[in-house]
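Visitor: Sharing a structure, written as structure tokens. Questions coming.
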Amino acid sequence: MRSTRRTTLLATVAVGTAATMLGGSASAAPEPRQQTRDIMLVGNNWDGTVDLLDARSFDTYQRINVVPDLAERTAEMTPDERAAMLLIREQAGEGHDQLVDDIAVSPDGRTMYVSRPSLGDAAAFDVATGGQVWHTDVDGYRSDHMALSPDGETLVVSATTANVVDVVDTATGAIRTTFPTGDFPHENQFSADGETLYNATIGRVIAPDEPLLDAAKGNRWLSIVDADTMQVEKVIDFGIGIRPFLVLPDQRTMYAQLSFLNGFVEYDLVEERRTRTVHLPLSDEAKAMNREDYPLDSAHHGLAMNNDRSKICDAGTISDYAAILSVPALTTDQIVPVGKKPYWAAASLDGQHCFLSNSDSDDISVVTFDRPREVARIPVGDHPQRVRAYEIPVDALHR
């Protein structure tokens, strides 16, 4: 655990911009709605950049450098922080620094937040200029998945080595509080009404993958948290790592990918039980893989739904495909070949397309939910990982 936590504000004007997004004074006249574009933001983990892609035309806009302070941040590291950075490089990073894991954007589309695992922090950037607003260290040594509250005031960041989630004030970068999790907190998701936060843990993915030694993976929990108080209300022990997941608005039905599972499960959060398991095919290459060769225990890593929740897009990570399934039957419509090692899936805001980040071929596959097929392959930076959909003001976009 680090002895100190640093929060650094880097641009007064940008902080003012971040504060403006929180709504301003009650007496201020409402501003006219600005013209926006539906944009997919792609985090290139090994590059330390974020690409902005038009979700409708598939054109590309700016690339934002999210580690402009890399030399400064590494120079100020303590010996234990340096050791952690090297460990992340050799294990999770496959010989590379992990420089951007997750992305979130403020409701006004002007401030972008990223988690930077190898730097053990989260940072805010002005979308239009790329200027850094603030950065703050998380607890422990590594930051991971994030989620932004619907009002844009609160950013939650998984602090994986500390087994907590840090709750960050988006205007200043200050950490307000934390809540405990199982081992290696991963995905975070706010409920549709914004009143509940779900955190899933994947367990110690660096522990042996031998089933007889499964206990070494630690606690693999789904924590259900009151989003107002950030108090944990309920913990469900899954007994296996929970990868990307979706909780439907009824807050009862959950679809979740699990470590080593080629497919996903349907889970009843009230009865705390699996209701169905969907097994999806393996490629010939995947059939030949050993369990310990799955990337960080992931067989499938990426799950998205269209707007009416009638279709699921599942990223078949070790088999290089997108599976499109119909809901509620959970029957497979189509297996669509994509690029190498798809490691995330996100639906466009209009619900027409699923965007998959192909982390080994450095591109994005665009797959239709209806009459499933790949309609575009878009080159991006080195090792694309997270993809998120947001509305961005036109005046903040440039080529």
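The way I read the labels, and the way they are meant: chains A, B, ... in the order of the structure tokens, residue 1 as the first residue of every chain, and ligand 1 as the first ligand shown, with later ones counted on from there.
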What are the closest atom pairs, with distances in Å to one decimal, for each residue of stretch 313-333 of chain A lying within 9 Å of stretch 257-270 of chain A, using only C-alpha atoms, rows by chain and rising residue number, as JSON lines?

Guide:
{"residue": "A:Asp314", "atom": "CA", "partner": "A:Gly263", "partner_atom": "CA", "distance": 7.6}
{"residue": "A:Ala315", "atom": "CA", "partner": "A:Gly263", "partner_atom": "CA", "distance": 8.8}
{"residue": "A:Gly316", "atom": "CA", "partner": "A:Asn262", "partner_atom": "CA", "distance": 7.3}
{"residue": "A:Thr317", "atom": "CA", "partner": "A:Asn262", "partner_atom": "CA", "distance": 8.8}
{"residue": "A:Ile318", "atom": "CA", "partner": "A:Asn262", "partner_atom": "CA", "distance": 8.6}

Visitor: Output C-alpha atoms for every residue in the selection just made, as an mmCIF file, in the first residue's frame.

Guide:
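File selection37.cif, as written:
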data_model
loop_
_atom_site.group_PDB
_atom_site.id
_atom_site.type_symbol
_atom_site.label_atom_id
_atom_site.label_comp_id
_atom_site.auth_asym_id
_atom_site.auth_seq_id
_atom_site.Cartn_x
_atom_site.Cartn_y
_atom_site.Cartn_z
ATOM 1 C CA ASP A 314 -20.289 -11.708 -27.236
ATOM 2 C CA ALA A 315 -16.550 -11.355 -27.911
ATOM 3 C CA GLY A 316 -15.014 -14.796 -28.429
ATOM 4 C CA THR A 317 -11.553 -13.729 -27.338
ATOM 5 C CA ILE A 318 -9.547 -16.913 -27.886
#

Visitor: Within 8 Å of stretch 175-189 of chain A, counting only C-alpha atoms, which residues show up once you throw out same-chain ones fewer than 2 positions away? Write them as a PDB file with N, CA and C atoms, in the first residue's frame, please.

Guide:
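Contents of the output file result-v7.pdb:
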ATOM      1  N   THR A 136      -4.789  11.383 -10.243  1.00  0.00           N
ATOM      2  CA  THR A 136      -4.766  11.010  -8.828  1.00  0.00           C
ATOM      3  C   THR A 136      -4.390   9.546  -8.687  1.00  0.00           C
ATOM      4  N   ASP A 144      -7.784  -0.023 -12.783  1.00  0.00           N
ATOM      5  CA  ASP A 144      -8.368  -0.937 -13.770  1.00  0.00           C
ATOM      6  C   ASP A 144      -9.685  -0.352 -14.292  1.00  0.00           C
ATOM      7  N   HIS A 145     -10.748  -1.152 -14.315  1.00  0.00           N
ATOM      8  CA  HIS A 145     -12.023  -0.701 -14.859  1.00  0.00           C
ATOM      9  C   HIS A 145     -12.614   0.451 -14.039  1.00  0.00           C
ATOM     10  N   MET A 146     -13.433   1.266 -14.720  1.00  0.00           N
ATOM     11  CA  MET A 146     -14.066   2.423 -14.088  1.00  0.00           C
ATOM     12  C   MET A 146     -15.557   2.436 -14.437  1.00  0.00           C
ATOM     13  N   ALA A 147     -16.282   3.334 -13.781  1.00  0.00           N
ATOM     14  CA  ALA A 147     -17.658   3.664 -14.176  1.00  0.00           C
ATOM     15  C   ALA A 147     -17.934   5.082 -13.710  1.00  0.00           C
ATOM     16  N   VAL A 156     -15.863   5.915 -10.298  1.00  0.00           N
ATOM     17  CA  VAL A 156     -15.375   4.824  -9.468  1.00  0.00           C
ATOM     18  C   VAL A 156     -14.299   4.076 -10.243  1.00  0.00           C
ATOM     19  N   VAL A 157     -13.211   3.745  -9.547  1.00  0.00           N
ATOM     20  CA  VAL A 157     -12.041   3.136 -10.173  1.00  0.00           C
ATOM     21  C   VAL A 157     -11.628   1.910  -9.366  1.00  0.00           C
ATOM     22  N   SER A 158     -11.534   0.767 -10.026  1.00  0.00           N
ATOM     23  CA  SER A 158     -11.053  -0.437  -9.354  1.00  0.00           C
ATOM     24  C   SER A 158      -9.555  -0.312  -9.089  1.00  0.00           C
ATOM     25  N   ALA A 159      -9.172  -0.444  -7.815  1.00  0.00           N
ATOM     26  CA  ALA A 159      -7.767  -0.445  -7.403  1.00  0.00           C
ATOM     27  C   ALA A 159      -7.397  -1.903  -7.145  1.00  0.00           C
ATOM     28  N   THR A 160      -6.861  -2.556  -8.154  1.00  0.00           N
ATOM     29  CA  THR A 160      -6.837  -4.014  -8.160  1.00  0.00           C
ATOM     30  C   THR A 160      -5.966  -4.626  -7.068  1.00  0.00           C
ATOM     31  N   THR A 161      -4.801  -4.067  -6.808  1.00  0.00           N
ATOM     32  CA  THR A 161      -3.919  -4.704  -5.827  1.00  0.00           C
ATOM     33  C   THR A 161      -4.327  -4.394  -4.395  1.00  0.00           C
ATOM     34  N   ALA A 162      -5.183  -3.393  -4.190  1.00  0.00           N
ATOM     35  CA  ALA A 162      -5.635  -3.030  -2.843  1.00  0.00           C
ATOM     36  C   ALA A 162      -6.975  -3.669  -2.496  1.00  0.00           C
ATOM     37  N   ASN A 163      -7.618  -4.311  -3.478  1.00  0.00           N
ATOM     38  CA  ASN A 163      -8.930  -4.936  -3.269  1.00  0.00           C
ATOM     39  C   ASN A 163      -9.965  -3.942  -2.739  1.00  0.00           C
ATOM     40  N   VAL A 164      -9.964  -2.755  -3.350  1.00  0.00           N
ATOM     41  CA  VAL A 164     -10.958  -1.738  -3.046  1.00  0.00           C
ATOM     42  C   VAL A 164     -11.334  -1.034  -4.340  1.00  0.00           C
ATOM     43  N   VAL A 165     -12.457  -0.327  -4.307  1.00  0.00           N
ATOM     44  CA  VAL A 165     -12.822   0.609  -5.369  1.00  0.00           C
ATOM     45  C   VAL A 165     -12.715   2.011  -4.794  1.00  0.00           C
ATOM     46  N   ASP A 166     -11.969   2.880  -5.476  1.00  0.00           N
ATOM     47  CA  ASP A 166     -11.840   4.275  -5.067  1.00  0.00           C
ATOM     48  C   ASP A 166     -12.948   5.100  -5.713  1.00  0.00           C
ATOM     49  N   VAL A 167     -13.536   5.994  -4.931  1.00  0.00           N
ATOM     50  CA  VAL A 167     -14.645   6.834  -5.376  1.00  0.00           C
ATOM     51  C   VAL A 167     -14.105   8.254  -5.536  1.00  0.00           C
ATOM     52  N   VAL A 168     -14.064   8.740  -6.770  1.00  0.00           N
ATOM     53  CA  VAL A 168     -13.345   9.960  -7.130  1.00  0.00           C
ATOM     54  C   VAL A 168     -14.317  11.091  -7.472  1.00  0.00           C
ATOM     55  N   ASP A 169     -14.022  12.279  -6.962  1.00  0.00           N
ATOM     56  CA  ASP A 169     -14.747  13.496  -7.333  1.00  0.00           C
ATOM     57  C   ASP A 169     -14.223  13.951  -8.695  1.00  0.00           C
ATOM     58  N   GLY A 173     -10.595  15.425  -8.849  1.00  0.00           N
ATOM     59  CA  GLY A 173      -9.755  14.236  -8.814  1.00  0.00           C
ATOM     60  C   GLY A 173      -9.535  13.693  -7.415  1.00  0.00           C
ATOM     61  N   SER A 191     -26.429   0.866 -12.133  1.00  0.00           N
ATOM     62  CA  SER A 191     -27.737   0.415 -12.604  1.00  0.00           C
ATOM     63  C   SER A 191     -28.359   1.478 -13.502  1.00  0.00           C
ATOM     64  N   LEU A 197     -24.644   0.369  -7.647  1.00  0.00           N
ATOM     65  CA  LEU A 197     -23.385   0.117  -8.332  1.00  0.00           C
ATOM     66  C   LEU A 197     -23.031  -1.352  -8.147  1.00  0.00           C
ATOM     67  N   TYR A 198     -22.614  -1.973  -9.237  1.00  0.00           N
ATOM     68  CA  TYR A 198     -22.185  -3.365  -9.189  1.00  0.00           C
ATOM     69  C   TYR A 198     -20.680  -3.424  -9.445  1.00  0.00           C
ATOM     70  N   ASN A 199     -19.961  -4.163  -8.603  1.00  0.00           N
ATOM     71  CA  ASN A 199     -18.533  -4.399  -8.828  1.00  0.00           C
ATOM     72  C   ASN A 199     -18.288  -5.896  -8.845  1.00  0.00           C
ATOM     73  N   ALA A 200     -17.548  -6.344  -9.852  1.00  0.00           N
ATOM     74  CA  ALA A 200     -17.202  -7.760  -9.967  1.00  0.00           C
ATOM     75  C   ALA A 200     -15.697  -7.927  -9.838  1.00  0.00           C
ATOM     76  N   THR A 201     -15.284  -9.039  -9.211  1.00  0.00           N
ATOM     77  CA  THR A 201     -13.860  -9.320  -9.072  1.00  0.00           C
ATOM     78  C   THR A 201     -13.504 -10.589  -9.837  1.00  0.00           C
ATOM     79  N   ILE A 202     -12.263 -10.645 -10.318  1.00  0.00           N
ATOM     80  CA  ILE A 202     -11.828 -11.774 -11.147  1.00  0.00           C
ATOM     81  C   ILE A 202     -10.885 -12.706 -10.403  1.00  0.00           C
ATOM     82  N   GLY A 203     -10.517 -12.364  -9.166  1.00  0.00           N
ATOM     83  CA  GLY A 203      -9.593 -13.208  -8.431  1.00  0.00           C
ATOM     84  C   GLY A 203      -8.155 -12.974  -8.876  1.00  0.00           C
ATOM     85  N   ARG A 204      -7.245 -13.665  -8.226  1.00  0.00           N
ATOM     86  CA  ARG A 204      -5.813 -13.478  -8.512  1.00  0.00           C
ATOM     87  C   ARG A 204      -5.464 -14.212  -9.808  1.00  0.00           C
ATOM     88  N   LYS A 217      -6.939 -18.517  -6.043  1.00  0.00           N
ATOM     89  CA  LYS A 217      -7.469 -17.378  -6.800  1.00  0.00           C
ATOM     90  C   LYS A 217      -8.153 -16.354  -5.887  1.00  0.00           C
ATOM     91  N   GLY A 218      -8.510 -16.739  -4.664  1.00  0.00           N
ATOM     92  CA  GLY A 218      -9.095 -15.797  -3.723  1.00  0.00           C
ATOM     93  C   GLY A 218     -10.585 -15.620  -3.890  1.00  0.00           C
ATOM     94  N   ASN A 219     -11.087 -14.484  -3.386  1.00  0.00           N
ATOM     95  CA  ASN A 219     -12.522 -14.198  -3.362  1.00  0.00           C
ATOM     96  C   ASN A 219     -12.969 -13.584  -4.683  1.00  0.00           C
ATOM     97  N   ARG A 220     -13.913 -14.264  -5.340  1.00  0.00           N
ATOM     98  CA  ARG A 220     -14.433 -13.782  -6.612  1.00  0.00           C
ATOM     99  C   ARG A 220     -15.908 -13.457  -6.408  1.00  0.00           C
ATOM    100  N   TRP A 221     -16.138 -12.191  -6.123  1.00  0.00           N
ATOM    101  CA  TRP A 221     -17.426 -11.727  -5.644  1.00  0.00           C
ATOM    102  C   TRP A 221     -18.074 -10.749  -6.617  1.00  0.00           C
ATOM    103  N   LEU A 222     -19.394 -10.693  -6.542  1.00  0.00           N
ATOM    104  CA  LEU A 222     -20.154  -9.564  -7.069  1.00  0.00           C
ATOM    105  C   LEU A 222     -20.617  -8.763  -5.866  1.00  0.00           C
ATOM    106  N   SER A 223     -20.169  -7.514  -5.773  1.00  0.00           N
ATOM    107  CA  SER A 223     -20.590  -6.632  -4.678  1.00  0.00           C
ATOM    108  C   SER A 223     -21.658  -5.685  -5.188  1.00  0.00           C
ATOM    109  N   MET A 230     -22.213   4.635  -1.054  1.00  0.00           N
ATOM    110  CA  MET A 230     -21.077   3.782  -1.395  1.00  0.00           C
ATOM    111  C   MET A 230     -20.802   2.744  -0.303  1.00  0.00           C
ATOM    112  N   GLN A 231     -21.884   2.271   0.290  1.00  0.00           N
ATOM    113  CA  GLN A 231     -21.803   1.178   1.252  1.00  0.00           C
ATOM    114  C   GLN A 231     -22.218  -0.126   0.570  1.00  0.00           C
ATOM    115  N   VAL A 232     -21.450  -1.184   0.820  1.00  0.00           N
ATOM    116  CA  VAL A 232     -21.765  -2.486   0.244  1.00  0.00           C
ATOM    117  C   VAL A 232     -23.003  -3.049   0.933  1.00  0.00           C
ATOM    118  N   ARG A 243     -16.049 -11.862 -15.433  1.00  0.00           N
ATOM    119  CA  ARG A 243     -15.506 -11.008 -16.490  1.00  0.00           C
ATOM    120  C   ARG A 243     -16.569  -9.950 -16.840  1.00  0.00           C
ATOM    121  N   PRO A 244     -16.557  -9.387 -18.047  1.00  0.00           N
ATOM    122  CA  PRO A 244     -17.599  -8.400 -18.381  1.00  0.00           C
ATOM    123  C   PRO A 244     -19.008  -8.943 -18.127  1.00  0.00           C
ATOM    124  N   PHE A 245     -19.883  -8.049 -17.667  1.00  0.00           N
ATOM    125  CA  PHE A 245     -21.245  -8.455 -17.341  1.00  0.00           C
ATOM    126  C   PHE A 245     -22.221  -7.351 -17.688  1.00  0.00           C
TER     127      PHE A 245
END

Visitor: So that I can see what lies close to A:Arg388, please list as a VMD selection string the residues with an atom at most 9 Å from it, counting only C-alpha atoms and leaving out residues fewer than 6 positions away in the same chain.

Guide: chain A and resid 39 to 43 102 to 105 345 to 348 355

Visitor: Could you pull out all residues of stretch 166-283 of chain A with a DSSP call of helix (DSSP H, G or I) and give them as JSON, numbers by chain?

Guide: {"A": [211, 212, 213, 214, 215, 216, 217]}

Visitor: Figure out the distance between atom CA of A:Gln251 and atom CA of A:Ile324, please, to one decimal in Å.

Guide: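 It comes out at 22.8 Å.
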
Visitor: As a PyMOL selection string, please: the residues near A:Asn307 (cut-off 8 Å, only C-alpha atoms, same-chain neighbours under 6 positions excluded).

Guide: chain A and resi 349-351

Visitor: Just the selected residues (C-alpha atoms), exported as an mmCIF file, in the first residue's frame, please.

Guide:
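Written out: result_4.cif:
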data_model
loop_
_atom_site.group_PDB
_atom_site.id
_atom_site.type_symbol
_atom_site.label_atom_id
_atom_site.label_comp_id
_atom_site.auth_asym_id
_atom_site.auth_seq_id
_atom_site.Cartn_x
_atom_site.Cartn_y
_atom_site.Cartn_z
ATOM 1 C CA LEU A 349 -25.527 4.591 -29.101
ATOM 2 C CA ASP A 350 -28.088 3.917 -31.833
ATOM 3 C CA GLY A 351 -27.923 0.207 -31.038
#

Visitor: Please list as a PyMOL selection string every residue within 10 Å of stretch 357-365 of chain A, counting only C-alpha atoms and excluding residues in the same chain fewer than 2 positions away.

Guide: chain A and resi 42-46+53+302+315+317+320-322+336-346+353-355+367-368+373-387

Visitor: Could the residues of stretch 246-336 of chain A that have an atom at most 12 Å from stretch 84-95 of chain A be listed as JSON lines, each with its closest atom pair and the distance in Å to one decimal, counting only C-alpha atoms and ordered by chain and ascending residue number?

Guide:
{"residue": "A:Tyr294", "atom": "CA", "partner": "A:Ala92", "partner_atom": "CA", "distance": 12.0}
{"residue": "A:Pro295", "atom": "CA", "partner": "A:Ala92", "partner_atom": "CA", "distance": 8.6}
{"residue": "A:Leu296", "atom": "CA", "partner": "A:Ala92", "partner_atom": "CA", "distance": 7.1}
{"residue": "A:Asp297", "atom": "CA", "partner": "A:Ala92", "partner_atom": "CA", "distance": 10.9}

Visitor: Could you write out that same residue set with N, CA and C atoms as a short mmCIF file (atom, residue, chain, number, x, y, z; two decimals), in the first residue's frame?

Guide:
data_model
loop_
_atom_site.label_atom_id
_atom_site.label_comp_id
_atom_site.auth_asym_id
_atom_site.auth_seq_id
_atom_site.Cartn_x
_atom_site.Cartn_y
_atom_site.Cartn_z
N TYR A 294 -4.90 -19.14 -21.62
CA TYR A 294 -5.97 -18.17 -21.80
C TYR A 294 -5.48 -16.81 -21.29
N PRO A 295 -5.73 -15.73 -22.02
CA PRO A 295 -5.21 -14.41 -21.59
C PRO A 295 -5.86 -13.94 -20.29
N LEU A 296 -5.06 -13.97 -19.21
CA LEU A 296 -5.54 -13.57 -17.89
C LEU A 296 -6.85 -14.28 -17.53
N ASP A 297 -6.89 -15.60 -17.83
CA ASP A 297 -8.03 -16.47 -17.52
C ASP A 297 -9.25 -16.22 -18.39
#

Visitor: Pick from A:Leu356, A:Ala174, A:Ala71, A:Val50: nearest to A:Val114, with only C-alpha atoms counted?

Guide: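 Among the listed residues, A:Val50 lies closest to A:Val114.
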
Visitor: Quick one: distance from atom CA of A:Gln352 to atom CA of A:Phe369 in Å, one decimal?

Guide: 6.0 Å
